Amino acid sequence: MRLPRSLQGRLLVMVIGLVAGVWLVTSALTWLDVRHELDELLDSHLAQAASLLVVRQSGEIEDDSHGIDAPTLHRYAPKVAFQVFHEGRLAVRSSNAPAEPMLAFTGRVEDGFQTVTMSGATWRVFATHGGEQDVQVFVGEQAESRNAILWAVLRSALAPMLFALPLLALAAWWAVRRGVAPLKALGRALARREPQALQAVEVDGAPSEMTPMINALNSLFQRISELMASERRFTADAAHELRTPIAAIRTQAQVALAAIGNAERSHALQATLQGCDRATRLVEQLLVLSRLESGPAPALARVDLDAVVRQVVADLAPQALAKHQTIEVVATGPYPVQAHAMLLAVLVRNLVDNAIRYSPSDAQVRVGISSTNGGVRLSVEDSGPGMSEDDRKRLGERFFRVVGSGQSGSGLGWSIAQRIARAHKATLCVARSNSLGGLSVEVSLRTGLESPAGTPSGKSKGGQT
Amino acid sequence: MRILLAEDDPLLGDGLRAGLRQLGFLVDWVRDGDAAERELRAQPYAAAVLDLGLPLKDGMEVLAAIRREGITLPVLVLTARDALPDRIRGLDVGADDYVIKPVDLNELAARLRALVRRSHGQPQECLTAQDVVVDPAARTVTRGGIPVALSAREFDLLHALLLNAGRVLSREQLEQHLYSWGQEVESNAIEVHVHHLRRKLGNALIQTVRGVGYVLAGDVPRP
């Protein structure tokens, strides 16, 4: 049997079913018990009556009243019959007893009960005999009368239940309905919600069983609303960050148009180009960030960190040289790591670019790679001003920039570096550089697996899983 | 007209300073909120262009602080924050105008001129004294309908006197109106400019209050 889909229907069916089941089992047990007790009582009466008849017949052997009917004294008397045979002849019988012996016998009978059919009715017969086997007594009782008593007992016990069952069903329906009311209220409250409504749900009189569900729902709403708020903030911040370079480009272009001298025009045009570069970089960073945040996890492969670092430093060295900074790579590669080549390059570029950008002229920037226990560590250190504890904590907040740095960065580089590190299950650690005195950023990457399709190389320091 | 520009972005700040200079403004440029507040307290600027996202002190805080001190100069807020609540709050805190980036330089200059004009109770576009008419937008001066050529300093000096008609301006005050940071002020520069103005526009226009300064002669429309 399939349960109804509604909780209310299920509870109702189960409650009524259980009550009816218990009731049926109780009735069956009562029936068995009453029948057993009844059989014992009535059988003992039959046996008792039979022994009385034996005693009486033995004492009145000389009596001549053979075949005389005993009087009927009770309204149940027709349901009971007896016969007394003396030396093969019928001595006494009740008026409703046949002339033939209830149980056929030849000379002697065995004591005991038997069930026989006489003139269309079923009888329970007890047979016994006198001490010399000269007297045979049969006492019978209609089985139907026993069943009638049994049914009467059961009827009186069960009839109230039959009336009670519909009332019980009604009461159970009401109780269940009341019990599931908070659930329905919750369902209605959720159905009424606007998609943007993310405030906590409250259900009046919610039972304690519902509390975990409501709490879970509310915490889900909370997380979603935080996520949405952060997305909204991001969009607003991104628009803000784009507006400023665009405003700069527009203003500088206007200045160039209205410039009188060549030097002024050239300066304004240079600034216009710088503004374009900045807007482009910002858009690129936003795109990388949005891909990292919404796209699937990048597929990692075996990449030589050493080659990536050298390429990035080669690209950025002119920037450093223009500020009279020294930049060096300290590594004895190759260092295979598990990474996404493009993202790893972006990560390294962001770190090195930050070091160059936020360090003053004549500063020193050092990029180092070293093997660690089961991994590879990339470190980018500089001799710049470093960062205060508070600023270090706020690193990675989108668009956070250190005040007074005088640089036109967007503050997105760090967010991106962190996302990329997370995608590589790498840790990003910011501290004070011991050797150079400025900022030190360390990235711990996992060693690259030996590529199954690639040619196995001699340097098998990999093999980490 | 000397204005303060508070903008932290190097490229935009550089462009705005250059552009507003081309349009005849004297521009002092600060890059953080603390400096903006300090300069606004110290110097008699005709107006200020204030970015809201300033380092050290938010533009809105700067604005609220100077308004609390009773500094009433016109402030134009130039910002990327375009949400309605931001704009309303900006105007409520005491901004006189609220402009969203990016902005056209000519529009920005026109808005600044209008703000300055209104702050001096002068609703018309042109300022008039006797038979002299000054058009701050075109930076032209006519006397009896005939154009008169003035140098930039002479124009600024006349403009300042017209805006403060009926008020005596000291030599120091006029210098502050005429020179931005880093510009050399010769000791008798104001006297020389006044002398030139009198020669071009007639002796009766500017009166000297001996030991105090200069004031525009009467017959000037008062608000």
# chains A, B, ... in the order shown; residues from 1 in each chain; ligands from 1

$ select_by_dssp --residues "region 71-185 of chain B" --states "alpha helix (DSSP H)" --output "MDAnalysis selection string"
chainID B and resid 84:93 105:119 152:163 171:178

$ write_last_selection --atoms "N, CA and C atoms" --output "compact mmCIF listing (two decimals), in the first residue's frame"
# COMPACT_ATOMS: atom_id res chain seq x y z
N LEU B 84 21.83 57.08 -5.76
CA LEU B 84 21.00 58.19 -5.30
C LEU B 84 21.23 58.54 -3.83
N PRO B 85 21.31 57.54 -2.94
CA PRO B 85 21.55 57.90 -1.52
C PRO B 85 22.84 58.68 -1.33
N ASP B 86 23.89 58.31 -2.11
CA ASP B 86 25.16 59.03 -2.01
C ASP B 86 24.97 60.49 -2.42
N ARG B 87 24.23 60.67 -3.53
CA ARG B 87 24.06 62.04 -4.03
C ARG B 87 23.29 62.88 -3.03
N ILE B 88 22.21 62.25 -2.49
CA ILE B 88 21.39 63.00 -1.53
C ILE B 88 22.22 63.35 -0.31
N ARG B 89 22.99 62.37 0.15
CA ARG B 89 23.78 62.62 1.36
C ARG B 89 24.81 63.71 1.10
N GLY B 90 25.43 63.64 -0.08
CA GLY B 90 26.42 64.65 -0.44
C GLY B 90 25.84 66.05 -0.39
N LEU B 91 24.66 66.20 -1.00
CA LEU B 91 24.04 67.53 -1.03
C LEU B 91 23.61 67.95 0.37
N ASP B 92 23.13 66.97 1.16
CA ASP B 92 22.68 67.31 2.51
C ASP B 92 23.84 67.72 3.40
N VAL B 93 24.98 67.07 3.21
CA VAL B 93 26.13 67.39 4.06
C VAL B 93 26.66 68.78 3.73
N LEU B 105 35.23 68.97 -19.28
CA LEU B 105 35.94 70.06 -18.62
C LEU B 105 35.18 71.38 -18.71
N ASN B 106 34.59 71.65 -19.90
CA ASN B 106 33.86 72.91 -20.07
C ASN B 106 32.65 72.98 -19.15
N GLU B 107 31.99 71.81 -19.02
CA GLU B 107 30.82 71.78 -18.13
C GLU B 107 31.27 72.01 -16.69
N LEU B 108 32.36 71.35 -16.33
CA LEU B 108 32.86 71.51 -14.95
C LEU B 108 33.19 72.98 -14.68
N ALA B 109 33.86 73.63 -15.66
CA ALA B 109 34.22 75.03 -15.48
C ALA B 109 32.97 75.90 -15.37
N ALA B 110 31.98 75.62 -16.22
CA ALA B 110 30.75 76.41 -16.19
C ALA B 110 30.04 76.26 -14.86
N ARG B 111 30.00 75.02 -14.38
CA ARG B 111 29.35 74.79 -13.09
C ARG B 111 30.08 75.53 -11.97
N LEU B 112 31.42 75.51 -12.04
CA LEU B 112 32.19 76.21 -11.01
C LEU B 112 31.90 77.71 -11.06
N ARG B 113 31.87 78.27 -12.29
CA ARG B 113 31.59 79.71 -12.42
C ARG B 113 30.21 80.04 -11.86
N ALA B 114 29.24 79.17 -12.19
CA ALA B 114 27.88 79.42 -11.70
C ALA B 114 27.84 79.36 -10.19
N LEU B 115 28.55 78.40 -9.62
CA LEU B 115 28.56 78.26 -8.15
C LEU B 115 29.15 79.52 -7.51
N VAL B 116 30.27 79.98 -8.09
CA VAL B 116 30.94 81.14 -7.52
C VAL B 116 30.05 82.38 -7.64
N ARG B 117 29.41 82.49 -8.82
CA ARG B 117 28.54 83.64 -9.06
C ARG B 117 27.40 83.65 -8.04
N ARG B 118 26.75 82.54 -7.90
CA ARG B 118 25.61 82.48 -6.98
C ARG B 118 26.05 82.70 -5.54
N SER B 119 27.26 82.21 -5.21
CA SER B 119 27.70 82.35 -3.82
C SER B 119 27.95 83.82 -3.48
N ALA B 152 45.70 88.04 -17.88
CA ALA B 152 44.99 87.09 -17.03
C ALA B 152 44.91 87.59 -15.59
N ARG B 153 46.02 88.14 -15.07
CA ARG B 153 46.02 88.63 -13.69
C ARG B 153 45.08 89.82 -13.52
N GLU B 154 45.13 90.69 -14.51
CA GLU B 154 44.26 91.87 -14.43
C GLU B 154 42.79 91.45 -14.42
N PHE B 155 42.49 90.47 -15.28
CA PHE B 155 41.11 89.99 -15.32
C PHE B 155 40.71 89.40 -13.97
N ASP B 156 41.59 88.54 -13.42
CA ASP B 156 41.28 87.89 -12.14
C ASP B 156 41.10 88.92 -11.03
N LEU B 157 41.93 89.96 -11.05
CA LEU B 157 41.84 91.00 -10.02
C LEU B 157 40.50 91.73 -10.12
N LEU B 158 40.14 92.10 -11.36
CA LEU B 158 38.87 92.80 -11.57
C LEU B 158 37.70 91.91 -11.17
N HIS B 159 37.79 90.63 -11.56
CA HIS B 159 36.73 89.66 -11.24
C HIS B 159 36.55 89.54 -9.73
N ALA B 160 37.68 89.46 -9.02
CA ALA B 160 37.61 89.34 -7.55
C ALA B 160 36.96 90.57 -6.94
N LEU B 161 37.33 91.75 -7.43
CA LEU B 161 36.75 92.98 -6.88
C LEU B 161 35.26 93.06 -7.19
N LEU B 162 34.87 92.62 -8.39
CA LEU B 162 33.45 92.65 -8.76
C LEU B 162 32.64 91.68 -7.91
N LEU B 163 33.20 90.48 -7.70
CA LEU B 163 32.49 89.48 -6.89
C LEU B 163 32.32 89.97 -5.46
N ARG B 171 45.55 93.77 0.23
CA ARG B 171 46.49 93.34 -0.78
C ARG B 171 46.76 91.83 -0.65
N GLU B 172 46.88 91.36 0.62
CA GLU B 172 47.13 89.93 0.83
C GLU B 172 45.97 89.08 0.29
N GLN B 173 44.76 89.56 0.57
CA GLN B 173 43.59 88.80 0.10
C GLN B 173 43.59 88.74 -1.43
N LEU B 174 43.90 89.87 -2.05
CA LEU B 174 43.92 89.88 -3.51
C LEU B 174 45.02 88.97 -4.04
N GLU B 175 46.14 88.94 -3.36
CA GLU B 175 47.23 88.05 -3.78
C GLU B 175 46.79 86.59 -3.73
N GLN B 176 46.07 86.27 -2.64
CA GLN B 176 45.59 84.89 -2.52
C GLN B 176 44.60 84.54 -3.62
N HIS B 177 43.84 85.54 -4.07
CA HIS B 177 42.92 85.28 -5.17
C HIS B 177 43.64 85.10 -6.49
N LEU B 178 44.79 85.72 -6.59
CA LEU B 178 45.45 85.80 -7.89
C LEU B 178 46.55 84.77 -8.13

$ residues_around --residues "Pro102 (chain B)" --least-positions-apart "5" --cutoff "10 Å" --atoms "only C-alpha atoms" --output "list in words"
Arg243, Thr244, Pro245, Ile246, Ala247, Ala248, Ile249, Arg250 and Thr251 of chain A; Leu12, Leu78, Thr79 and Ala80 of chain B

$ write_last_selection --atoms "N, CA and C atoms" --output "PDB file, in the first residue's frame"
ATOM      1  N   ARG A 243      35.401  54.065 -13.664  1.00  0.00           N
ATOM      2  CA  ARG A 243      35.017  55.448 -13.966  1.00  0.00           C
ATOM      3  C   ARG A 243      36.200  56.386 -13.857  1.00  0.00           C
ATOM      4  N   THR A 244      37.044  56.150 -12.841  1.00  0.00           N
ATOM      5  CA  THR A 244      38.137  57.093 -12.613  1.00  0.00           C
ATOM      6  C   THR A 244      39.126  57.111 -13.776  1.00  0.00           C
ATOM      7  N   PRO A 245      39.625  55.920 -14.233  1.00  0.00           N
ATOM      8  CA  PRO A 245      40.516  56.005 -15.406  1.00  0.00           C
ATOM      9  C   PRO A 245      39.819  56.581 -16.635  1.00  0.00           C
ATOM     10  N   ILE A 246      38.524  56.285 -16.809  1.00  0.00           N
ATOM     11  CA  ILE A 246      37.830  56.835 -17.978  1.00  0.00           C
ATOM     12  C   ILE A 246      37.736  58.354 -17.857  1.00  0.00           C
ATOM     13  N   ALA A 247      37.437  58.830 -16.641  1.00  0.00           N
ATOM     14  CA  ALA A 247      37.378  60.279 -16.424  1.00  0.00           C
ATOM     15  C   ALA A 247      38.737  60.900 -16.724  1.00  0.00           C
ATOM     16  N   ALA A 248      39.813  60.201 -16.310  1.00  0.00           N
ATOM     17  CA  ALA A 248      41.158  60.730 -16.543  1.00  0.00           C
ATOM     18  C   ALA A 248      41.442  60.799 -18.034  1.00  0.00           C
ATOM     19  N   ILE A 249      41.059  59.737 -18.754  1.00  0.00           N
ATOM     20  CA  ILE A 249      41.305  59.710 -20.208  1.00  0.00           C
ATOM     21  C   ILE A 249      40.577  60.871 -20.873  1.00  0.00           C
ATOM     22  N   ARG A 250      39.300  61.033 -20.513  1.00  0.00           N
ATOM     23  CA  ARG A 250      38.488  62.083 -21.131  1.00  0.00           C
ATOM     24  C   ARG A 250      39.092  63.466 -20.837  1.00  0.00           C
ATOM     25  N   THR A 251      39.432  63.685 -19.586  1.00  0.00           N
ATOM     26  CA  THR A 251      39.948  64.989 -19.196  1.00  0.00           C
ATOM     27  C   THR A 251      41.259  65.283 -19.905  1.00  0.00           C
TER      28      THR A 251
ATOM     29  N   LEU B  12      43.959  61.670 -13.304  1.00  0.00           N
ATOM     30  CA  LEU B  12      42.781  62.525 -13.371  1.00  0.00           C
ATOM     31  C   LEU B  12      43.079  63.891 -12.750  1.00  0.00           C
ATOM     32  N   LEU B  78      32.925  65.864  -7.033  1.00  0.00           N
ATOM     33  CA  LEU B  78      33.178  65.140  -8.281  1.00  0.00           C
ATOM     34  C   LEU B  78      33.489  63.701  -7.900  1.00  0.00           C
ATOM     35  N   THR B  79      32.635  62.772  -8.274  1.00  0.00           N
ATOM     36  CA  THR B  79      32.798  61.434  -7.740  1.00  0.00           C
ATOM     37  C   THR B  79      32.319  60.371  -8.705  1.00  0.00           C
ATOM     38  N   ALA B  80      32.758  59.133  -8.441  1.00  0.00           N
ATOM     39  CA  ALA B  80      32.268  58.006  -9.220  1.00  0.00           C
ATOM     40  C   ALA B  80      31.050  57.386  -8.547  1.00  0.00           C
TER      41      ALA B  80
END

$ interface_residues --of "chain B" --to "chain A" --cutoff "8 Å" --atoms "only C-alpha atoms" --output "compact mmCIF listing (two decimals) with N, CA and C atoms, in the first residue's frame"
# COMPACT_ATOMS: atom_id res chain seq x y z
N ASP B 9 43.56 60.49 -7.60
CA ASP B 9 44.05 59.78 -8.77
C ASP B 9 45.05 60.65 -9.53
N PRO B 10 46.30 60.18 -9.74
CA PRO B 10 47.32 61.06 -10.33
C PRO B 10 46.98 61.52 -11.74
N LEU B 11 46.47 60.60 -12.56
CA LEU B 11 46.19 60.98 -13.95
C LEU B 11 45.03 61.96 -14.05
N LEU B 12 43.96 61.67 -13.30
CA LEU B 12 42.78 62.52 -13.37
C LEU B 12 43.08 63.89 -12.75
N GLY B 13 43.79 63.88 -11.63
CA GLY B 13 44.12 65.14 -10.96
C GLY B 13 44.96 66.02 -11.87
N GLY B 15 45.09 65.93 -15.12
CA GLY B 15 44.27 66.39 -16.24
C GLY B 15 43.35 67.53 -15.83
N LEU B 16 42.71 67.38 -14.67
CA LEU B 16 41.77 68.41 -14.23
C LEU B 16 42.51 69.73 -13.96
N ALA B 18 45.33 70.74 -15.32
CA ALA B 18 45.74 71.34 -16.59
C ALA B 18 44.54 71.93 -17.32
N GLY B 19 43.44 71.16 -17.36
CA GLY B 19 42.25 71.61 -18.09
C GLY B 19 41.65 72.87 -17.49
N GLN B 22 43.69 75.82 -18.29
CA GLN B 22 43.43 76.30 -19.66
C GLN B 22 42.20 77.19 -19.70
N PRO B 55 42.03 59.38 0.13
CA PRO B 55 42.74 58.69 1.20
C PRO B 55 42.78 59.56 2.47
N LEU B 56 43.09 58.93 3.56
CA LEU B 56 43.24 59.56 4.88
C LEU B 56 41.92 60.08 5.44
N ALA B 80 32.76 59.13 -8.44
CA ALA B 80 32.27 58.01 -9.22
C ALA B 80 31.05 57.39 -8.55
N ARG B 81 30.76 57.79 -7.33
CA ARG B 81 29.61 57.21 -6.61
C ARG B 81 28.33 57.88 -7.10
N LYS B 101 31.71 61.35 -12.35
CA LYS B 101 32.79 61.13 -13.31
C LYS B 101 32.30 60.21 -14.42
N PRO B 102 32.75 60.32 -15.63
CA PRO B 102 33.63 61.38 -16.13
C PRO B 102 32.83 62.64 -16.45
N VAL B 103 33.52 63.78 -16.44
CA VAL B 103 32.83 65.04 -16.67
C VAL B 103 33.55 65.82 -17.77
N ASP B 104 32.79 66.57 -18.54
CA ASP B 104 33.37 67.43 -19.56
C ASP B 104 34.01 68.63 -18.87
N LEU B 105 35.23 68.97 -19.28
CA LEU B 105 35.94 70.06 -18.62
C LEU B 105 35.18 71.38 -18.71

$ closest_residue --among "A:Glu37, A:Asp43, A:Asp304, A:Glu293" --to "Gly140 (chain A)" --atoms "only C-alpha atoms"
A:Asp43

$ residues_around --residues "Asp353 (chain A)" --least-positions-apart "4" --cutoff "10 Å" --atoms "only C-alpha atoms" --output "PDB file with N, CA and C atoms, in the first residue's frame"
ATOM      1  N   VAL A 312      58.253  35.980 -16.499  1.00  0.00           N
ATOM      2  CA  VAL A 312      57.564  37.129 -15.894  1.00  0.00           C
ATOM      3  C   VAL A 312      58.567  38.213 -15.510  1.00  0.00           C
ATOM      4  N   VAL A 313      59.678  37.795 -14.908  1.00  0.00           N
ATOM      5  CA  VAL A 313      60.674  38.787 -14.485  1.00  0.00           C
ATOM      6  C   VAL A 313      61.274  39.484 -15.697  1.00  0.00           C
ATOM      7  N   LEU A 316      58.868  42.139 -16.735  1.00  0.00           N
ATOM      8  CA  LEU A 316      58.680  43.268 -15.827  1.00  0.00           C
ATOM      9  C   LEU A 316      59.978  44.017 -15.527  1.00  0.00           C
ATOM     10  N   ALA A 317      61.112  43.428 -15.895  1.00  0.00           N
ATOM     11  CA  ALA A 317      62.398  44.044 -15.555  1.00  0.00           C
ATOM     12  C   ALA A 317      62.511  45.490 -16.043  1.00  0.00           C
ATOM     13  N   GLN A 319      60.329  47.795 -16.186  1.00  0.00           N
ATOM     14  CA  GLN A 319      59.656  48.637 -15.185  1.00  0.00           C
ATOM     15  C   GLN A 319      60.564  48.923 -14.001  1.00  0.00           C
ATOM     16  N   ALA A 320      61.214  47.827 -13.529  1.00  0.00           N
ATOM     17  CA  ALA A 320      62.083  47.971 -12.361  1.00  0.00           C
ATOM     18  C   ALA A 320      63.301  48.823 -12.698  1.00  0.00           C
ATOM     19  N   LEU A 347      49.622  34.935 -11.338  1.00  0.00           N
ATOM     20  CA  LEU A 347      49.949  35.030  -9.910  1.00  0.00           C
ATOM     21  C   LEU A 347      51.348  35.611  -9.716  1.00  0.00           C
ATOM     22  N   VAL A 348      52.325  35.030 -10.409  1.00  0.00           N
ATOM     23  CA  VAL A 348      53.707  35.492 -10.263  1.00  0.00           C
ATOM     24  C   VAL A 348      53.814  36.950 -10.709  1.00  0.00           C
ATOM     25  N   ARG A 349      53.135  37.270 -11.827  1.00  0.00           N
ATOM     26  CA  ARG A 349      53.198  38.634 -12.347  1.00  0.00           C
ATOM     27  C   ARG A 349      52.636  39.624 -11.324  1.00  0.00           C
ATOM     28  N   ARG A 357      56.105  47.963  -8.001  1.00  0.00           N
ATOM     29  CA  ARG A 357      55.260  49.147  -7.951  1.00  0.00           C
ATOM     30  C   ARG A 357      55.321  49.838  -6.592  1.00  0.00           C
ATOM     31  N   TYR A 358      55.301  49.056  -5.538  1.00  0.00           N
ATOM     32  CA  TYR A 358      55.200  49.668  -4.210  1.00  0.00           C
ATOM     33  C   TYR A 358      56.549  49.832  -3.511  1.00  0.00           C
ATOM     34  N   SER A 359      57.628  49.566  -4.245  1.00  0.00           N
ATOM     35  CA  SER A 359      58.948  49.833  -3.671  1.00  0.00           C
ATOM     36  C   SER A 359      59.497  51.106  -4.295  1.00  0.00           C
ATOM     37  N   GLY A 413      44.921  43.174  -7.684  1.00  0.00           N
ATOM     38  CA  GLY A 413      45.987  42.201  -7.858  1.00  0.00           C
ATOM     39  C   GLY A 413      46.033  41.180  -6.732  1.00  0.00           C
TER      40      GLY A 413
END

$ atom_distance --atom1 "CA of Asn96 (chain A)" --atom2 "CA of Leu150 (chain A)"
23.5 Å

$ atom_distance --atom1 "CA of Val139 (chain A)" --atom2 "CA of His36 (chain A)"
19.7 Å
